[in-house]
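K.L.:
My structure is stored as structure-v8.tsv, with TSV, C-alpha atoms.
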chain	number	residue	atom	x	y	z
K	140	MET	CA	125.79	123.44	115.13
K	141	SER	CA	122.10	122.93	114.54
K	142	PHE	CA	119.28	125.29	115.55
K	143	LYS	CA	118.36	122.75	118.25
K	144	ASP	CA	121.87	122.96	119.70
K	145	SER	CA	121.71	126.76	119.77
K	146	LEU	CA	118.74	126.45	122.15
K	147	ASN	CA	120.74	124.38	124.66
K	148	TRP	CA	120.92	127.39	126.99
K	149	ILE	CA	117.26	126.94	127.84
K	150	ASN	CA	117.70	123.38	129.14
K	151	ILE	CA	117.06	123.42	132.90
K	152	LYS	CA	118.23	119.85	133.54
K	153	GLY	CA	121.13	119.78	135.97
K	154	ARG	CA	121.13	123.55	136.45
K	155	HIS	CA	121.25	125.34	139.80
K	156	LEU	CA	118.61	127.84	140.88
K	157	GLN	CA	121.06	130.65	141.73
K	158	SER	CA	123.11	130.02	138.57
K	159	GLY	CA	121.76	128.40	135.42
K	160	ILE	CA	118.05	128.69	136.21
K	161	ALA	CA	118.44	132.34	137.26
K	162	PHE	CA	120.23	132.90	133.92
K	163	ILE	CA	117.41	131.26	131.93
K	164	LEU	CA	114.74	133.22	133.82
K	165	HIS	CA	116.68	136.44	133.24
K	166	ARG	CA	116.70	135.89	129.49
K	167	LEU	CA	113.05	134.84	129.34
K	168	THR	CA	111.88	137.78	131.49
K	169	GLY	CA	113.97	140.05	129.27
K	170	LEU	CA	112.10	138.72	126.24
K	171	VAL	CA	108.76	139.28	127.98
K	172	ILE	CA	109.73	142.88	128.79
K	173	LEU	CA	110.82	143.43	125.18
K	174	LEU	CA	107.50	142.05	123.97
K	175	TYR	CA	105.68	144.30	126.42
K	176	LEU	CA	107.60	147.33	125.15
K	177	TYR	CA	106.27	146.72	121.63
K	178	MET	CA	102.75	146.10	122.98
K	179	HIS	CA	103.01	149.35	124.94
K	180	LEU	CA	104.09	151.25	121.84
K	181	GLY	CA	101.19	149.61	119.99
K	182	ALA	CA	98.82	150.75	122.72
K	183	LEU	CA	100.14	154.33	122.57
K	184	SER	CA	99.68	154.33	118.82
K	185	GLN	CA	95.92	154.12	119.50
K	186	LEU	CA	96.20	157.89	120.01
K	187	LEU	CA	96.47	158.15	116.25
K	188	ASN	CA	92.81	157.11	116.12
K	189	GLY	CA	91.76	160.11	118.21
K	190	GLY	CA	91.11	160.85	121.86
K	191	ILE	CA	87.79	159.02	122.14
K	192	ALA	CA	89.15	155.84	120.63
K	193	TYR	CA	92.10	156.01	123.02
K	194	LYS	CA	89.83	156.48	126.05
K	195	ASN	CA	87.73	153.50	124.93
K	196	PHE	CA	90.91	151.47	124.61
K	197	LEU	CA	92.02	152.55	128.11
K	198	SER	CA	88.72	151.53	129.65
K	199	THR	CA	89.33	148.04	128.23
K	200	VAL	CA	92.88	147.69	129.55
K	201	GLU	CA	91.87	148.99	132.98
K	202	SER	CA	89.53	146.05	133.51
K	203	PRO	CA	90.37	143.46	136.24
K	204	PRO	CA	91.84	140.79	133.90
K	205	PHE	CA	94.27	143.34	132.43
K	206	VAL	CA	95.23	144.66	135.88
K	207	ALA	CA	95.95	141.05	136.93
K	208	LEU	CA	98.20	140.73	133.87
K	209	ASP	CA	99.87	144.02	134.82
K	210	ILE	CA	100.61	142.64	138.29
K	211	LEU	CA	102.17	139.55	136.69
K	212	LEU	CA	104.18	141.85	134.46
K	213	PHE	CA	105.45	143.68	137.57
K	214	LEU	CA	106.67	140.31	138.89
K	215	VAL	CA	108.60	139.75	135.66
K	216	ILE	CA	110.07	143.27	135.81
K	217	PHE	CA	110.99	143.00	139.49
K	218	TYR	CA	112.71	139.64	138.92
K	219	HIS	CA	114.62	140.99	135.92
K	220	GLY	CA	115.57	144.18	137.76
K	221	ALA	CA	116.61	142.54	141.02
K	222	ASN	CA	118.60	139.83	139.27
K	223	GLY	CA	120.04	142.44	136.90
K	224	ILE	CA	121.38	144.50	139.81
K	225	ARG	CA	122.98	141.34	141.23
K	226	LEU	CA	124.58	140.62	137.85
K	227	VAL	CA	125.92	144.16	137.49
K	228	VAL	CA	127.52	143.97	140.93
K	229	GLN	CA	128.91	140.46	140.47
K	230	GLU	CA	130.19	141.16	136.97
K	231	PHE	CA	132.61	143.56	138.63
K	232	GLY	CA	134.02	140.45	140.31
K	233	ILE	CA	132.38	141.25	143.66
K	234	GLY	CA	131.19	138.30	145.77
K	235	THR	CA	131.28	135.78	142.96
K	236	ARG	CA	131.75	132.98	145.50
K	237	ARG	CA	128.63	134.11	147.37
K	238	ARG	CA	126.28	133.64	144.45
K	239	LYS	CA	123.55	131.94	146.46
K	240	LEU	CA	123.52	134.64	149.17
K	241	PHE	CA	123.50	137.51	146.63
K	242	PHE	CA	120.76	135.80	144.63
K	243	TRP	CA	118.46	135.28	147.59
K	244	ILE	CA	119.03	138.78	149.00
K	245	MET	CA	118.01	140.28	145.66
K	246	MET	CA	115.07	137.90	145.28
K	247	VAL	CA	113.73	138.84	148.71
K	248	LEU	CA	114.17	142.56	147.94
K	249	GLY	CA	112.49	142.10	144.55
K	250	LEU	CA	109.62	140.19	146.12
K	251	ILE	CA	109.09	142.89	148.76
K	252	GLY	CA	109.07	145.55	146.02
K	253	TRP	CA	106.59	143.54	143.97
K	254	LEU	CA	104.27	142.92	146.93
K	255	LEU	CA	104.31	146.63	147.84
K	256	LEU	CA	103.55	147.70	144.30
K	257	THR	CA	100.83	145.05	144.00
K	258	TYR	CA	99.29	146.35	147.24
K	259	PHE	CA	99.27	149.95	145.97
K	260	VAL	CA	97.87	148.99	142.57
K	261	ALA	CA	95.22	146.72	144.05
K	262	SER	CA	94.18	149.25	146.70
K	263	SER	CA	93.95	152.11	144.18
K	264	PHE	CA	92.05	149.85	141.79
K	265	ILE	CA	89.60	148.71	144.46
K	266	GLY	CA	89.35	152.25	145.86
K	267	GLY	CA	88.81	153.68	142.40
K	268	ALA	CA	86.27	151.05	141.35
I	1205	MET	CA	125.31	95.46	149.05
I	1206	ASP	CA	122.98	97.84	147.21
I	1207	LYS	CA	122.39	97.77	143.49
I	1208	VAL	CA	122.24	100.82	141.24
I	1209	ILE	CA	121.08	100.89	137.62
I	1210	PHE	CA	123.32	102.86	135.26
I	1211	ARG	CA	121.68	104.15	132.07
I	1212	ILE	CA	124.56	104.86	129.73
I	1213	LYS	CA	124.35	106.61	126.37
I	1214	LYS	CA	126.07	104.09	124.20
I	1215	GLY	CA	127.01	104.19	120.55
I	1216	THR	CA	128.16	106.80	118.09
I	1217	PRO	CA	126.51	109.99	116.81
I	1218	GLU	CA	125.11	107.95	113.90
I	1219	LYS	CA	123.58	105.17	115.99
I	1220	TRP	CA	123.09	105.18	119.73
I	1221	GLU	CA	120.82	104.06	122.54
I	1222	TYR	CA	120.63	104.10	126.32
I	1223	LYS	CA	121.77	100.78	127.78
I	1224	GLU	CA	121.12	99.77	131.36
I	1225	TYR	CA	123.62	98.03	133.62
I	1226	GLU	CA	123.11	96.89	137.20
I	1227	VAL	CA	126.11	97.51	139.43
I	1228	PRO	CA	126.68	96.50	143.08
I	1229	VAL	CA	127.50	99.56	145.15
I	1230	GLU	CA	128.86	100.06	148.66
I	1231	ASN	CA	130.00	103.11	150.60
I	1232	GLY	CA	132.85	104.77	148.74
I	1233	THR	CA	132.16	103.19	145.34
I	1234	THR	CA	132.74	105.84	142.70
I	1235	ILE	CA	131.20	106.20	139.28
I	1236	LEU	CA	134.57	105.33	137.79
I	1237	ASP	CA	134.59	102.10	139.85
I	1238	ALA	CA	131.17	101.34	138.39
I	1239	LEU	CA	132.38	102.00	134.84
I	1240	TYR	CA	135.33	99.63	135.33
I	1241	TYR	CA	132.94	97.06	136.85
I	1242	ILE	CA	130.67	97.27	133.80
I	1243	ARG	CA	133.57	97.00	131.38
I	1244	ASP	CA	135.20	94.10	133.23
I	1245	ASN	CA	132.04	92.11	134.00
I	1246	ILE	CA	129.13	93.08	131.75
I	1247	ASP	CA	130.06	94.94	128.56
I	1248	ARG	CA	133.63	94.90	127.32
I	1249	THR	CA	132.80	97.34	124.53
I	1250	LEU	CA	132.04	100.25	126.86
I	1251	SER	CA	134.32	103.20	126.06
I	1252	PHE	CA	135.28	105.83	128.59
I	1253	ARG	CA	138.33	107.89	129.49
I	1254	ALA	CA	140.18	107.63	132.80
I	1255	SER	CA	143.69	107.67	134.08
I	1256	CYS	CA	144.76	108.77	137.55
I	1257	ARG	CA	141.60	107.78	139.49
I	1258	MET	CA	142.23	110.60	141.98
I	1259	GLU	CA	140.95	113.85	140.43
I	1260	VAL	CA	144.30	114.99	139.11
I	1261	CYS	CA	144.35	114.15	135.40
I	1262	GLY	CA	140.87	115.45	134.51
I	1263	SER	CA	140.24	112.64	131.99
I	1264	CYS	CA	137.05	111.11	133.35
I	1265	ALA	CA	134.60	114.03	133.33
I	1266	ILE	CA	131.16	112.93	132.10
I	1267	MET	CA	127.55	114.02	132.49
I	1268	VAL	CA	126.02	112.39	135.57
I	1269	ASN	CA	122.26	112.94	135.67
I	1270	ASN	CA	122.72	115.94	133.35
I	1271	PHE	CA	125.46	117.55	135.41
I	1272	PRO	CA	129.19	117.35	134.61
I	1273	ARG	CA	131.31	115.57	137.20
I	1274	THR	CA	134.61	113.76	137.35
I	1275	ALA	CA	133.70	110.06	137.58
I	1276	CYS	CA	136.65	109.24	139.83
I	1277	SER	CA	135.67	111.64	142.60
I	1278	THR	CA	131.91	111.17	142.56
I	1279	GLN	CA	130.74	108.60	145.07
I	1280	ILE	CA	127.58	106.88	143.91
I	1281	LYS	CA	125.85	106.89	147.28
I	1282	THR	CA	126.21	110.66	147.59
I	1283	ILE	CA	123.96	111.03	144.53
I	1284	GLY	CA	121.20	109.16	146.35
I	1285	LYS	CA	119.50	107.74	143.25
I	1286	LYS	CA	118.76	104.16	142.28
I	1287	VAL	CA	119.00	104.99	138.59
I	1288	ILE	CA	121.87	107.13	137.34
I	1289	THR	CA	122.16	108.37	133.77
I	1290	LEU	CA	125.64	108.76	132.30
I	1291	GLU	CA	126.26	110.67	129.09
I	1292	PRO	CA	129.27	112.15	127.31
I	1293	LEU	CA	130.16	115.74	128.23
I	1294	ALA	CA	127.78	118.30	126.72
I	1295	GLY	CA	129.17	120.93	124.35
I	1296	TYR	CA	131.90	118.71	122.87
I	1297	LYS	CA	132.09	116.68	119.69
I	1298	TRP	CA	130.93	113.22	120.67
I	1299	ILE	CA	133.09	110.31	119.51
I	1300	ARG	CA	131.49	107.25	121.11
I	1301	ASP	CA	129.95	106.09	124.39
I	1302	LEU	CA	131.34	108.41	127.08
I	1303	VAL	CA	134.27	109.69	125.04
I	1304	VAL	CA	134.32	113.19	123.52
I	1305	ASP	CA	136.86	115.05	121.40
I	1306	PHE	CA	138.88	117.58	123.44
I	1307	ASP	CA	140.78	119.09	120.48
I	1308	GLU	CA	138.71	122.29	120.37
I	1309	PHE	CA	138.90	122.67	124.15
I	1310	PHE	CA	142.70	122.56	124.10
I	1311	LYS	CA	142.92	124.82	121.04
I	1312	LYS	CA	140.89	127.44	122.91
I	1313	HIS	CA	143.05	126.96	125.96
I	1314	GLU	CA	146.23	127.38	123.93
I	1315	SER	CA	144.88	130.53	122.24
I	1316	VAL	CA	144.99	132.52	125.51
I	1317	LYS	CA	148.73	131.89	125.96
I	1318	PRO	CA	148.47	129.95	129.21
I	1319	TYR	CA	152.10	130.38	130.19
I	1320	LEU	CA	154.34	133.11	131.62
I	1321	VAL	CA	155.32	135.69	129.02
I	1322	ARG	CA	158.51	137.65	129.69
I	1323	LYS	CA	159.92	140.50	127.63
I	1324	ASP	CA	163.28	140.27	129.32
I	1325	ASN	CA	165.41	137.25	130.03
I	1326	PRO	CA	165.67	137.25	133.81
I	1327	GLU	CA	168.45	135.50	135.62
I	1328	GLY	CA	167.74	133.55	138.77
I	1329	GLN	CA	164.36	133.15	140.42
I	1330	LEU	CA	161.39	135.46	139.97
I	1331	LEU	CA	160.37	136.03	143.55
I	1332	GLN	CA	156.78	136.43	144.62
I	1333	SER	CA	155.14	137.31	147.93
I	1334	PRO	CA	152.41	135.10	149.46
I	1335	GLU	CA	149.90	137.91	148.73
I	1336	GLN	CA	150.88	137.96	145.07
I	1337	LEU	CA	150.54	134.16	144.90
I	1338	ALA	CA	147.13	134.25	146.60
I	1339	LYS	CA	145.73	136.37	143.74
I	1340	TYR	CA	145.79	133.47	141.30
I	1341	LYS	CA	146.62	130.33	143.26
I	1342	GLN	CA	143.17	128.71	143.05
I	1343	PHE	CA	143.30	128.86	139.25
I	1344	THR	CA	146.53	126.86	139.16
I	1345	LEU	CA	144.49	123.92	140.47
I	1346	CYS	CA	142.57	123.55	137.19
I	1347	ILE	CA	142.88	119.97	135.89
I	1348	LYS	CA	141.41	120.74	132.43
I	1349	CYS	CA	138.62	118.23	132.92
I	1350	GLY	CA	136.31	120.42	130.83
I	1351	ALA	CA	133.37	120.13	133.24
I	1352	CYS	CA	133.01	123.92	133.38
I	1353	LEU	CA	132.50	124.19	129.64
I	1354	ALA	CA	129.94	121.36	129.67
I	1355	ALA	CA	127.99	123.12	132.45
I	1356	CYS	CA	128.01	126.56	130.81
I	1357	PRO	CA	124.68	127.31	129.07
I	1358	VAL	CA	126.45	129.72	126.72
I	1359	ALA	CA	129.24	127.34	125.74
I	1360	VAL	CA	126.84	124.49	124.95
I	1361	SER	CA	124.90	126.73	122.58
I	1362	ASP	CA	127.83	128.63	121.05
I	1363	PRO	CA	130.77	126.48	119.86
I	1364	PHE	CA	132.97	129.54	119.23
I	1365	TYR	CA	132.85	130.84	122.80
I	1366	LEU	CA	136.28	130.45	124.44
I	1367	GLY	CA	134.69	128.98	127.54
I	1368	PRO	CA	135.37	129.18	131.28
I	1369	ALA	CA	138.53	127.05	131.41
I	1370	ALA	CA	140.45	129.07	128.82
I	1371	LEU	CA	139.28	132.40	130.24
I	1372	ALA	CA	140.15	131.39	133.81
I	1373	ALA	CA	143.59	130.35	132.54
I	1374	ALA	CA	143.99	133.78	130.93
I	1375	TYR	CA	143.12	135.45	134.22
I	1376	ARG	CA	145.46	133.12	136.12
I	1377	PHE	CA	148.46	134.37	134.11
I	1378	ASN	CA	147.27	137.98	133.95
I	1379	ALA	CA	147.09	138.01	137.75
I	1380	ASP	CA	150.57	136.53	138.09
I	1381	SER	CA	153.07	139.21	139.16
I	1382	ARG	CA	155.84	137.48	137.17
I	1383	ASP	CA	153.97	137.74	133.87
I	1384	GLN	CA	154.41	140.51	131.27
I	1385	GLY	CA	151.97	139.31	128.62
I	1386	LYS	CA	148.73	140.75	129.97
I	1387	ASN	CA	147.90	142.80	126.88
I	1388	LEU	CA	148.64	139.89	124.57
I	1389	ARG	CA	146.02	137.86	126.38
I	1390	LEU	CA	143.52	140.72	126.66
I	1391	ALA	CA	143.73	141.18	122.89
I	1392	VAL	CA	142.53	137.57	122.56
I	1393	VAL	CA	139.90	137.45	125.29
I	1394	SER	CA	138.40	140.94	124.83
I	1395	ASP	CA	136.28	139.73	121.98
I	1396	ALA	CA	132.66	138.89	121.26
I	1397	GLU	CA	133.53	135.21	121.69
I	1398	GLY	CA	135.80	135.89	124.65
I	1399	CYS	CA	135.01	137.18	128.11
I	1400	TRP	CA	132.13	139.37	126.86
I	1401	ARG	CA	130.20	136.29	125.78
I	1402	CYS	CA	129.98	135.23	129.45
I	1403	HIS	CA	126.65	136.26	130.99
I	1404	PHE	CA	127.55	135.11	134.49
I	1405	SER	CA	125.30	132.10	134.71
I	1406	SER	CA	128.12	130.80	136.95
I	1407	GLU	CA	127.29	127.13	136.35
I	1408	CYS	CA	131.00	126.68	135.63
I	1409	SER	CA	131.83	127.43	139.25
I	1410	GLU	CA	129.07	125.10	140.44
I	1411	ALA	CA	130.50	122.29	138.30
I	1412	CYS	CA	134.21	122.66	139.02
I	1413	PRO	CA	135.36	119.52	140.88
I	1414	LYS	CA	138.38	121.41	142.27
I	1415	ASP	CA	136.18	124.17	143.73
I	1416	ILE	CA	137.80	126.82	141.55
I	1417	ASP	CA	135.71	129.88	140.69
I	1418	PRO	CA	136.10	130.33	136.92
I	1419	ALA	CA	133.01	132.56	136.84
I	1420	GLY	CA	134.75	134.95	139.24
I	1421	ALA	CA	137.93	134.87	137.14
I	1422	ILE	CA	135.98	135.77	133.99
I	1423	GLN	CA	134.33	138.75	135.70
I	1424	LYS	CA	137.73	140.03	136.87
I	1425	LEU	CA	138.99	139.49	133.35
I	1426	LYS	CA	136.11	141.65	132.08
I	1427	VAL	CA	137.26	144.49	134.35
I	1428	GLN	CA	140.80	144.13	132.93
I	1429	ALA	CA	139.45	143.90	129.37
I	1430	ALA	CA	137.29	147.02	129.86
I	1431	GLY	CA	140.38	148.98	130.96
I	1432	TYR	CA	142.32	147.59	128.02
I	1433	GLU	CA	139.59	148.58	125.53
I	1434	LEU	CA	139.23	152.08	127.02
I	1435	LYS	CA	142.96	152.64	126.70
I	1436	ARG	CA	142.87	151.44	123.12
I	1437	PHE	CA	139.87	153.63	122.33
I	1438	PHE	CA	141.54	156.76	123.71
I	1439	HIS	CA	144.90	155.84	122.16
I	1440	LEU	CA	146.57	155.72	125.54
I	1441	GLY	CA	149.43	153.63	124.32
I	1442	VAL	CA	148.47	149.99	124.82
I	1443	LYS	CA	151.64	148.01	124.30
I	1444	ASP	CA	151.77	144.27	123.81
Mind turning the file's structure into structure tokens?

P.N.:
Amino acid sequence: MSFKDSLNWINIKGRHLQSGIAFILHRLTGLVILLYLYMHLGALSQLLNGGIAYKNFLSTVESPPFVALDILLFLVIFYHGANGIRLVVQEFGIGTRRRKLFFWIMMVLGLIGWLLLTYFVASSFIGGA
Amino acid sequence: MDKVIFRIKKGTPEKWEYKEYEVPVENGTTILDALYYIRDNIDRTLSFRASCRMEVCGSCAIMVNNFPRTACSTQIKTIGKKVITLEPLAGYKWIRDLVVDFDEFFKKHESVKPYLVRKDNPEGQLLQSPEQLAKYKQFTLCIKCGACLAACPVAVSDPFYLGPAALAAAYRFNADSRDQGKNLRLAVVSDAEGCWRCHFSSECSEACPKDIDPAGAIQKLKVQAAGYELKRFFHLGVKD
């Protein structure tokens, strides 16, 4: 099997939203979260350069473009979390025939969570600015 | 009578191309009807597999617009497209045109011991209640068409994965009250390339032409396999 074949999982052609596409998104969002983890550790390592350098770094990442990226990151995390809870439940063999219903319930819950968090972040950011 | 263009992947792995064929279609015309029409009237070299024409033998599964379907039970008008692309099943060794090699599929199926295992030699019938039958009945309807494996994003990127059909067959016999070979099967399927390779994309259940739920069977198999592994880990006397 070639390297190209090993990437067949990412092909969205013919896949269903609540099944194959949800699976692809789950993997991709997982990769984004992993990448973020390393970036976060990198950011924390700025402390090694001293308190002033770290505060300067924080003032950069608290700017509006970075907050917008944070809000997008929340979307990724909420999707991964909501879909992950669905997978945990269904991998116990519960409601496997009701995939579409389970998927949409979790997506709506995830979306509500994301919108609430976005509201709190945005309001504290605007209030603090 | 309407006309539909079929784009068919034709050739061998060494040399292939998409060829287009125009086929007259009316209500009820199936993709298999169209394939026979092409072979009888346009291109006598077209290779495809088919036998029963009524979704029992499982021979005619192919990719229809990137999704696996049995050609005999897919009516062209239900697809609602004027151009339909037909390709050999994904995830299998391609031989030519729409024909793939099923050897690996059946080897995997055989590896899970898809038959009743008895330690004793019972006389007479092994009786079963309707409730006991209901636990596995849907999985007895599998026609081994291989559509589930072609739909699975894991199976098409990992040739060693046992795949939904074999794992659903393992669950079918594990859930059968007459069977005594549960641990034999769990020893096979509780493996990195067995039920734990499934990540519940559940495309297998979307693709199954018999409306079986192999994804559900695999998850239930995982619960059985987890119990089996825990018993083995704590040396609680797992017997084959």

K.L.:
Choose the residue, out of I:Leu1302, I:Ile1347, I:Leu1293, I:Cys1352, that has the smallest atom-to-atom separation from Glu1259 (chain I); count only C-alpha atoms.

P.N.:
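Nearest candidate to Glu1259 (chain I) out of I:Leu1302, I:Ile1347, I:Leu1293, I:Cys1352: I:Ile1347.
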
K.L.:
Write down, as a PyMOL selection string, each residue of chain K that has any atom within 10 Å of an atom of chain I, counting only C-alpha atoms.

P.N.:
chain K and resi 140-163+165+226-227+229-236+238

K.L.:
Find the residues near region 1222-1226 of chain I: any atom within 6 Å, counting all atoms listed in the file, skip ones fewer than 5 places away on the same chain, and give them as a list in words.

P.N.:
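Surrounding residues, per the criterion: Val1208, Ile1209, Phe1210, Arg1211, Ile1212, Lys1213 and Lys1214 of chain I.
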
K.L.:
Fewer than 6 positions away in the same chain doesn't count, so skip those; otherwise give me all residues within 7 Å of Ser1263 (chain I), counting all atoms listed in the file, as a short mmCIF file (atom, residue, chain, number, x, y, z; two decimals) with C-alpha atoms, in the coordinates of the input.

P.N.:
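Written out: result-v9.cif:
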data_model
loop_
_atom_site.label_atom_id
_atom_site.label_comp_id
_atom_site.auth_asym_id
_atom_site.auth_seq_id
_atom_site.Cartn_x
_atom_site.Cartn_y
_atom_site.Cartn_z
CA ARG I 1253 138.33 107.89 129.49
CA ALA I 1254 140.18 107.63 132.80
CA SER I 1255 143.69 107.67 134.08
CA CYS I 1349 138.62 118.23 132.92
#

K.L.:
To one decimal place in Å, what is the distance between CA of Thr1344 (chain I) and CA of Tyr1296 (chain I)?

P.N.:
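Separation between CA of Thr1344 (chain I) and CA of Tyr1296 (chain I): 23.4 Å.
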
K.L.:
Could you tell me how far CA of Ala1396 (chain I) lies from CA of Gly223 (chain K), in Å and to one decimal?

P.N.:
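These atoms are spaced 20.4 Å apart.
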
K.L.:
Have a look at CA of Leu1434 (chain I) and CA of Ser1394 (chain I) and let me know their distance in Å, one decimal.

P.N.:
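That distance, rounded to one decimal, is 11.4 Å.
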
K.L.:
Residues near Lys1414 (chain I), anyone? I mean within 12 Å using all atoms listed in the file, not counting same-chain ones fewer than 6 positions away, as an MDAnalysis selection string.

P.N.:
chainID I and resid 1258:1262 1273:1274 1277 1342:1352 1408

K.L.:
Keeping C-alpha atoms for every residue in the selection just given, could you write it to a file as an mmCIF file, keeping the file's coordinate frame?

P.N.:
data_model
loop_
_atom_site.group_PDB
_atom_site.id
_atom_site.type_symbol
_atom_site.label_atom_id
_atom_site.label_comp_id
_atom_site.auth_asym_id
_atom_site.auth_seq_id
_atom_site.Cartn_x
_atom_site.Cartn_y
_atom_site.Cartn_z
ATOM 1 C CA MET I 1258 142.230 110.600 141.980
ATOM 2 C CA GLU I 1259 140.950 113.850 140.430
ATOM 3 C CA VAL I 1260 144.300 114.990 139.110
ATOM 4 C CA CYS I 1261 144.350 114.150 135.400
ATOM 5 C CA GLY I 1262 140.870 115.450 134.510
ATOM 6 C CA ARG I 1273 131.310 115.570 137.200
ATOM 7 C CA THR I 1274 134.610 113.760 137.350
ATOM 8 C CA SER I 1277 135.670 111.640 142.600
ATOM 9 C CA GLN I 1342 143.170 128.710 143.050
ATOM 10 C CA PHE I 1343 143.300 128.860 139.250
ATOM 11 C CA THR I 1344 146.530 126.860 139.160
ATOM 12 C CA LEU I 1345 144.490 123.920 140.470
ATOM 13 C CA CYS I 1346 142.570 123.550 137.190
ATOM 14 C CA ILE I 1347 142.880 119.970 135.890
ATOM 15 C CA LYS I 1348 141.410 120.740 132.430
ATOM 16 C CA CYS I 1349 138.620 118.230 132.920
ATOM 17 C CA GLY I 1350 136.310 120.420 130.830
ATOM 18 C CA ALA I 1351 133.370 120.130 133.240
ATOM 19 C CA CYS I 1352 133.010 123.920 133.380
ATOM 20 C CA CYS I 1408 131.000 126.680 135.630
#

K.L.:
Output region 203-218 of chain K as an mmCIF file, in the frame of the given file, making sure N, CA and C atoms are there.

P.N.:
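Saved to part-v3.cif:
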data_model
loop_
_atom_site.group_PDB
_atom_site.id
_atom_site.type_symbol
_atom_site.label_atom_id
_atom_site.label_comp_id
_atom_site.auth_asym_id
_atom_site.auth_seq_id
_atom_site.Cartn_x
_atom_site.Cartn_y
_atom_site.Cartn_z
ATOM 1 N N PRO K 203 89.650 144.361 135.321
ATOM 2 C CA PRO K 203 90.370 143.460 136.240
ATOM 3 C C PRO K 203 91.293 142.432 135.572
ATOM 4 N N PRO K 204 90.906 141.773 134.490
ATOM 5 C CA PRO K 204 91.840 140.790 133.900
ATOM 6 C C PRO K 204 93.157 141.445 133.439
ATOM 7 N N PHE K 205 93.051 142.657 132.893
ATOM 8 C CA PHE K 205 94.270 143.340 132.430
ATOM 9 C C PHE K 205 95.129 143.807 133.607
ATOM 10 N N VAL K 206 94.457 144.244 134.688
ATOM 11 C CA VAL K 206 95.230 144.660 135.880
ATOM 12 C C VAL K 206 95.953 143.440 136.455
ATOM 13 N N ALA K 207 95.288 142.278 136.451
ATOM 14 C CA ALA K 207 95.950 141.050 136.930
ATOM 15 C C ALA K 207 97.177 140.755 136.070
ATOM 16 N N LEU K 208 97.039 140.949 134.763
ATOM 17 C CA LEU K 208 98.200 140.730 133.870
ATOM 18 C C LEU K 208 99.305 141.742 134.161
ATOM 19 N N ASP K 209 98.882 142.983 134.462
ATOM 20 C CA ASP K 209 99.870 144.020 134.820
ATOM 21 C C ASP K 209 100.659 143.604 136.061
ATOM 22 N N ILE K 210 99.941 143.043 137.044
ATOM 23 C CA ILE K 210 100.610 142.640 138.290
ATOM 24 C C ILE K 210 101.608 141.502 137.992
ATOM 25 N N LEU K 211 101.221 140.602 137.097
ATOM 26 C CA LEU K 211 102.170 139.550 136.690
ATOM 27 C C LEU K 211 103.376 140.147 135.966
ATOM 28 N N LEU K 212 103.084 141.179 135.169
ATOM 29 C CA LEU K 212 104.180 141.850 134.460
ATOM 30 C C LEU K 212 105.138 142.517 135.457
ATOM 31 N N PHE K 213 104.588 143.086 136.534
ATOM 32 C CA PHE K 213 105.450 143.680 137.570
ATOM 33 C C PHE K 213 106.382 142.615 138.147
ATOM 34 N N LEU K 214 105.843 141.399 138.330
ATOM 35 C CA LEU K 214 106.670 140.310 138.890
ATOM 36 C C LEU K 214 107.857 140.030 137.966
ATOM 37 N N VAL K 215 107.552 139.984 136.667
ATOM 38 C CA VAL K 215 108.600 139.750 135.660
ATOM 39 C C VAL K 215 109.647 140.874 135.725
ATOM 40 N N ILE K 216 109.161 142.125 135.803
ATOM 41 C CA ILE K 216 110.070 143.270 135.810
ATOM 42 C C ILE K 216 110.895 143.292 137.108
ATOM 43 N N PHE K 217 110.248 142.988 138.224
ATOM 44 C CA PHE K 217 110.990 143.000 139.490
ATOM 45 C C PHE K 217 112.037 141.885 139.514
ATOM 46 N N TYR K 218 111.703 140.711 138.971
ATOM 47 C CA TYR K 218 112.710 139.640 138.920
ATOM 48 C C TYR K 218 113.887 140.096 138.056
#
